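Raw contents of data_39.pdb, PDB, C-alpha atoms:
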```
MODEL        1
ATOM      1  CA  MET K 224      29.324  84.928 120.355
ATOM      2  CA  LYS K 225      26.123  85.736 118.484
ATOM      3  CA  THR K 226      27.640  88.997 117.354
ATOM      4  CA  MET K 227      30.656  87.164 115.909
ATOM      5  CA  GLU K 228      28.410  84.850 113.877
ATOM      6  CA  LEU K 229      26.316  87.793 112.731
ATOM      7  CA  LEU K 230      29.448  89.680 111.738
ATOM      8  CA  LYS K 231      30.774  86.693 109.751
ATOM      9  CA  LYS K 232      27.469  86.413 107.849
ATOM     10  CA  SER K 233      27.170  90.154 107.142
ATOM     11  CA  LEU K 234      30.778  90.640 106.001
ATOM     12  CA  PRO K 235      30.301  89.022 102.547
ATOM     13  CA  ILE K 236      27.079  90.990 102.036
ATOM     14  CA  ALA K 237      28.826  94.274 102.944
ATOM     15  CA  LEU K 238      31.674  93.430 100.585
ATOM     16  CA  VAL K 239      29.296  92.779  97.685
ATOM     17  CA  LEU K 240      27.475  96.068  98.351
ATOM     18  CA  PHE K 241      30.781  97.958  98.471
ATOM     19  CA  VAL K 242      31.983  96.530  95.127
ATOM     20  CA  ALA K 243      28.604  97.272  93.517
ATOM     21  CA  THR K 244      28.732 100.863  94.745
ATOM     22  CA  LEU K 245      32.238 101.323  93.316
ATOM     23  CA  SER K 246      31.281  99.960  89.909
ATOM     24  CA  ILE K 247      28.229 102.246  89.715
ATOM     25  CA  SER K 248      30.246 105.321  90.705
ATOM     26  CA  ALA K 249      32.972 104.409  88.188
ATOM     27  CA  GLN K 250      30.366 104.349  85.414
ATOM     28  CA  ASP K 251      29.114 107.783  86.456
ATOM     29  CA  THR K 252      32.562 109.369  86.276
ATOM     30  CA  LYS K 253      33.210 108.446  82.643
ATOM     31  CA  PRO K 254      33.477 111.640  80.589
ATOM     32  CA  GLN K 255      30.308 112.410  78.761
ATOM     33  CA  SER K 256      30.767 113.499  75.161
ATOM     34  CA  THR K 257      29.000 116.810  74.674
ATOM     35  CA  PRO K 258      28.627 119.068  71.681
ATOM     36  CA  THR K 259      30.944 121.645  73.326
ATOM     37  CA  ASP K 260      33.797 119.111  73.416
ATOM     38  CA  VAL K 261      33.373 118.450  69.685
ATOM     39  CA  SER K 262      33.439 122.164  68.874
ATOM     40  CA  GLN K 263      36.499 122.602  71.106
ATOM     41  CA  GLU K 264      38.351 119.861  69.206
ATOM     42  CA  ASN K 265      37.392 121.414  65.886
ATOM     43  CA  HIS K 266      38.592 124.839  67.087
ATOM     44  CA  ASP K 267      41.983 123.451  68.157
ATOM     45  CA  ALA K 268      42.423 121.940  64.690
ATOM     46  CA  LYS K 269      41.648 125.275  62.974
ATOM     47  CA  GLU K 270      43.877 128.274  62.497
ATOM     48  CA  GLY K 271      42.474 130.754  64.999
ATOM     49  CA  GLN K 272      43.647 134.063  66.353
ATOM     50  CA  ASP K 273      44.622 132.417  69.622
ATOM     51  CA  LYS K 274      47.080 130.196  67.752
ATOM     52  CA  GLU K 275      48.373 133.221  65.851
ATOM     53  CA  LEU K 276      48.840 135.118  69.125
ATOM     54  CA  PHE K 277      50.737 132.188  70.635
ATOM     55  CA  GLU K 278      53.086 131.875  67.640
ATOM     56  CA  TYR K 279      53.631 135.636  67.332
ATOM     57  CA  TYR K 280      54.446 135.934  71.026
ATOM     58  CA  TYR K 281      57.133 133.262  70.930
ATOM     59  CA  LYS K 282      58.617 134.511  67.672
ATOM     60  CA  THR K 283      59.038 138.013  69.088
ATOM     61  CA  ARG K 284      60.500 137.083  72.472
ATOM     62  CA  PRO K 285      64.081 138.393  72.717
ATOM     63  CA  GLU K 286      65.401 134.904  73.467
ATOM     64  CA  ASN K 287      63.911 133.561  70.226
ATOM     65  CA  LEU K 288      65.085 136.328  67.903
ATOM     66  CA  PRO K 289      68.284 135.862  65.906
ATOM     67  CA  PRO K 290      71.383 137.480  67.421
ATOM     68  CA  ASN K 291      71.575 141.193  66.695
ATOM     69  CA  LYS K 292      75.087 142.240  65.713
ATOM     70  CA  ALA K 293      74.179 145.944  65.792
ATOM     71  CA  LYS K 294      73.075 145.773  69.445
ATOM     72  CA  LEU K 295      76.234 143.921  70.403
ATOM     73  CA  GLU K 296      78.463 146.445  68.653
ATOM     74  CA  TYR K 297      76.548 149.368  70.173
ATOM     75  CA  ASN K 298      76.986 147.960  73.687
ATOM     76  CA  LEU K 299      80.691 147.252  73.157
ATOM     77  CA  ILE K 300      81.462 150.644  71.578
ATOM     78  CA  LYS K 301      79.558 152.513  74.282
ATOM     79  CA  THR K 302      81.539 150.734  77.003
ATOM     80  CA  LEU K 303      84.862 151.237  75.206
ATOM     81  CA  LYS K 304      84.254 154.976  74.771
ATOM     82  CA  LYS K 305      83.227 155.341  78.403
ATOM     83  CA  GLU K 306      86.365 153.554  79.591
ATOM     84  CA  ILE K 307      88.659 155.615  77.359
ATOM     85  CA  MET K 308      87.088 158.874  78.570
ATOM     86  CA  SER K 309      87.496 157.831  82.195
ATOM     87  CA  ARG K 310      91.133 156.705  81.913
ATOM     88  CA  ASP K 311      92.867 158.619  79.117
ATOM     89  CA  TYR K 312      92.548 162.398  79.301
ATOM     90  CA  SER K 313      94.791 163.328  76.390
ATOM     91  CA  LYS K 314      93.546 165.408  73.459
ATOM     92  CA  GLU K 315      94.370 162.531  71.126
ATOM     93  CA  SER K 316      92.012 160.252  73.001
ATOM     94  CA  ALA K 317      89.173 162.785  72.756
ATOM     95  CA  GLU K 318      89.655 162.840  68.984
ATOM     96  CA  ALA K 319      89.969 159.043  68.816
ATOM     97  CA  ILE K 320      86.699 158.562  70.714
ATOM     98  CA  LYS K 321      84.828 160.534  68.064
ATOM     99  CA  LYS K 322      86.138 158.211  65.352
ATOM    100  CA  ILE K 323      85.252 154.920  67.023
ATOM    101  CA  ASP K 324      82.509 153.037  65.210
ATOM    102  CA  ALA K 325      81.679 149.484  64.165
ATOM    103  CA  THR K 326      83.981 149.623  61.129
ATOM    104  CA  ASN K 327      87.191 150.252  63.059
ATOM    105  CA  ILE K 328      86.894 148.038  66.117
ATOM    106  CA  GLN K 329      87.702 144.389  66.611
ATOM    107  CA  TYR K 330      85.903 142.289  69.185
ATOM    108  CA  GLU K 331      85.696 138.706  70.281
ATOM    109  CA  ARG K 332      83.685 136.792  72.814
ATOM    110  CA  VAL K 333      85.924 135.088  75.369
ATOM    111  CA  TYR K 334      85.254 132.142  77.622
ATOM    112  CA  ARG K 335      86.303 131.026  81.067
ATOM    113  CA  GLU K 336      88.171 128.025  79.604
ATOM    114  CA  SER K 337      90.777 130.258  77.908
ATOM    115  CA  LYS K 338      94.119 130.013  79.697
ATOM    116  CA  TRP K 339      94.907 133.594  78.652
ATOM    117  CA  LEU K 340      91.703 134.919  80.149
ATOM    118  CA  ARG K 341      92.300 132.947  83.354
ATOM    119  CA  GLY K 342      95.742 134.565  83.608
ATOM    120  CA  PHE K 343      94.251 138.025  83.067
ATOM    121  CA  MET K 344      91.522 137.400  85.649
ATOM    122  CA  THR K 345      94.090 136.093  88.165
ATOM    123  CA  GLN K 346      95.948 139.392  87.913
ATOM    124  CA  ASN K 347      92.755 141.467  88.074
ATOM    125  CA  THR K 348      90.967 139.937  91.040
ATOM    126  CA  HIS K 349      88.301 142.672  91.089
ATOM    127  CA  LEU K 350      86.838 141.257  87.861
ATOM    128  CA  ASN K 351      84.378 138.374  87.862
ATOM    129  CA  TYR K 352      83.606 135.691  85.332
ATOM    130  CA  SER K 353      80.232 135.775  83.638
ATOM    131  CA  GLU K 354      78.561 134.083  80.721
ATOM    132  CA  PHE K 355      78.895 137.097  78.405
ATOM    133  CA  MET K 356      82.500 138.318  78.293
ATOM    134  CA  TYR K 357      84.102 140.178  75.370
ATOM    135  CA  ILE K 358      87.365 141.831  74.423
ATOM    136  CA  VAL K 359      87.119 144.981  72.299
ATOM    137  CA  LYS K 360      90.078 146.555  70.537
ATOM    138  CA  HIS K 361      90.506 149.932  68.890
ATOM    139  CA  ASP K 362      93.944 151.261  67.954
ATOM    140  CA  LYS K 363      96.042 151.104  71.151
ATOM    141  CA  TYR K 364      93.062 150.464  73.447
ATOM    142  CA  MET K 365      91.895 147.025  74.534
ATOM    143  CA  CYS K 366      88.978 146.605  76.876
ATOM    144  CA  PHE K 367      87.648 143.580  78.731
ATOM    145  CA  VAL K 368      83.851 143.863  78.973
ATOM    146  CA  ASN K 369      81.485 141.679  80.941
ATOM    147  CA  PHE K 370      77.652 141.767  80.710
ATOM    148  CA  ASP K 371      74.877 140.362  82.915
ATOM    149  CA  VAL K 372      72.695 139.262  80.003
ATOM    150  CA  ASN K 373      73.260 138.703  76.317
ATOM    151  CA  PRO K 374      74.391 142.015  74.733
ATOM    152  CA  GLU K 375      73.113 140.822  71.359
ATOM    153  CA  THR K 376      69.599 140.852  72.764
ATOM    154  CA  TYR K 377      69.361 143.993  74.933
ATOM    155  CA  LEU K 378      70.869 147.473  74.976
ATOM    156  CA  GLN K 379      72.566 147.687  78.358
ATOM    157  CA  GLN K 380      75.413 148.919  80.501
ATOM    158  CA  SER K 381      78.296 146.565  81.049
ATOM    159  CA  ARG K 382      78.555 144.982  84.473
ATOM    160  CA  GLN K 383      82.331 145.318  84.548
ATOM    161  CA  SER K 384      84.971 146.625  82.206
ATOM    162  CA  HIS K 385      88.718 147.038  82.332
ATOM    163  CA  LEU K 386      90.687 149.145  79.851
ATOM    164  CA  VAL K 387      94.282 148.323  78.969
ATOM    165  CA  PHE K 388      96.396 150.674  76.850
ATOM    166  CA  ALA K 389      99.975 151.814  76.452
ATOM    167  CA  ALA K 390     100.143 155.322  77.892
ATOM    168  CA  LYS K 391     103.094 157.650  77.213
ATOM    169  CA  ASP K 392     104.146 157.588  80.838
ATOM    170  CA  LYS K 393     102.630 154.922  83.050
ATOM    171  CA  PHE K 394     103.459 156.785  86.236
ATOM    172  CA  GLU K 395     102.154 160.204  85.379
ATOM    173  CA  ILE K 396      98.430 160.367  85.970
ATOM    174  CA  VAL K 397      96.707 163.530  84.883
ATOM    175  CA  ILE K 398      93.569 164.152  86.876
ATOM    176  CA  PRO K 399      91.115 166.414  85.066
ATOM    177  CA  LYS K 400      89.896 169.570  86.761
ATOM    178  CA  PRO K 401      86.345 169.264  88.099
TER     179      PRO K 401
ENDMDL
END
```
Using structure tokens, write down the structure from this file.
Amino acid sequence: MKTMELLKKSLPIALVLFVATLSISAQDTKPQSTPTDVSQENHDAKEGQDKELFEYYYKTRPENLPPNKAKLEYNLIKTLKKEIMSRDYSKESAEAIKKIDATNIQYERVYRESKWLRGFMTQNTHLNYSEFMYIVKHDKYMCFVNFDVNPETYLQQSRQSHLVFAAKDKFEIVIPKP
């Protein structure tokens, strides 16, 4: 019983000591203003080389550069030529490949929402949708091209491509000699 009375009397004293300790420790943890903090703030306000590095880095990242039409055309022409060489072995096609450049091709980016593209993809189940899909046309050749990443940003191989053209005889396939 004596211990209960002693505990009741010491509880308010312990509570007061606890609150006092918290208030003292809270005052100690307030940030102290030092001369280094002032110089740091002044440095952040200035134009320094670190700021220049930061801005230069983000301006030169491929994602932040404007689209590059030349890279896109290079990637599309390279894929078109490769597809023509692998599918059409006629002498005319060899001559046509030499003449293909950015001035005589037509191309367009296509999207999954196009009903025509969906029909094409339904018939060609080996092809997959991607974010970067294009159709390239030169003379009688049309090629569906699909890239992993933006072809306006990087020089790259296509992920998938499918050439469509009107051959003289659809059923006669000439296999080149190895």
Would you mind reading off the distance between atom CA of K:Ile320 and atom CA of K:His385, one decimal, in Å?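 Separation of atom CA of K:Ile320 and atom CA of K:His385: 16.5 Å.
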Expressed in Å to a single decimal, how great is the separation between atom CA of K:Val333 and atom CA of K:Tyr352?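 Spanning atom CA of K:Val333 to atom CA of K:Tyr352 is a straight-line distance of 10.2 Å.
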Atomic distance atom CA of K:Lys305 - atom CA of K:Tyr364, expressed in Å with one decimal: 12.0 Å
K:Tyr297, K:Arg284, K:Glu275, K:Gln383: which is nearest K:Tyr330, counting only C-alpha atoms?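 Going through K:Tyr297, K:Arg284, K:Glu275, K:Gln383 one by one, the smallest distance to K:Tyr330 is for K:Tyr297.
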With the PyMOL selection byres ((chain K and resi 306) around 10) as the selection, what would be picked from this file? Answer as a count of residues only, please. 18
K:Pro374 environment, 10 Å, all atoms listed in the file, sequence neighbours closer than 6 positions dropped, as a list in words: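 Answer for this query is Pro290, Asn291, Lys292, Ala293, Lys294, Leu295, Glu296, Tyr297, Asn298, Leu299, Phe355, Met356, Tyr357, Gln380 and Ser381 of chain K.
Taking all atoms listed in the file, the non-local environment of K:Asp362 within 9 Å (same-chain residues fewer than 3 positions away omitted) comprises Ala319, Asn327, Ile328 and Met365 of chain K.
Ranking K:Thr376, K:Thr326, K:Asn369, K:Ser316 by their shortest atom-to-atom distance to K:Asn351, with only C-alpha atoms included, puts K:Asn369 first.
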Identify which of the residues K:Val359, K:Tyr312, K:Asp371, K:His349 lies closest to K:Arg332, counting all atoms listed in the file when measuring atom-to-atom distances.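 Residue with the minimum atom-to-atom distance to K:Arg332: K:Val359.
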At a cut-off of 9 Å, using only C-alpha atoms, what residues contact K:Glu354? Leave out same-chain residues fewer than 4 positions from it and give the result as number ranges by chain. K: 334-335, 369-373
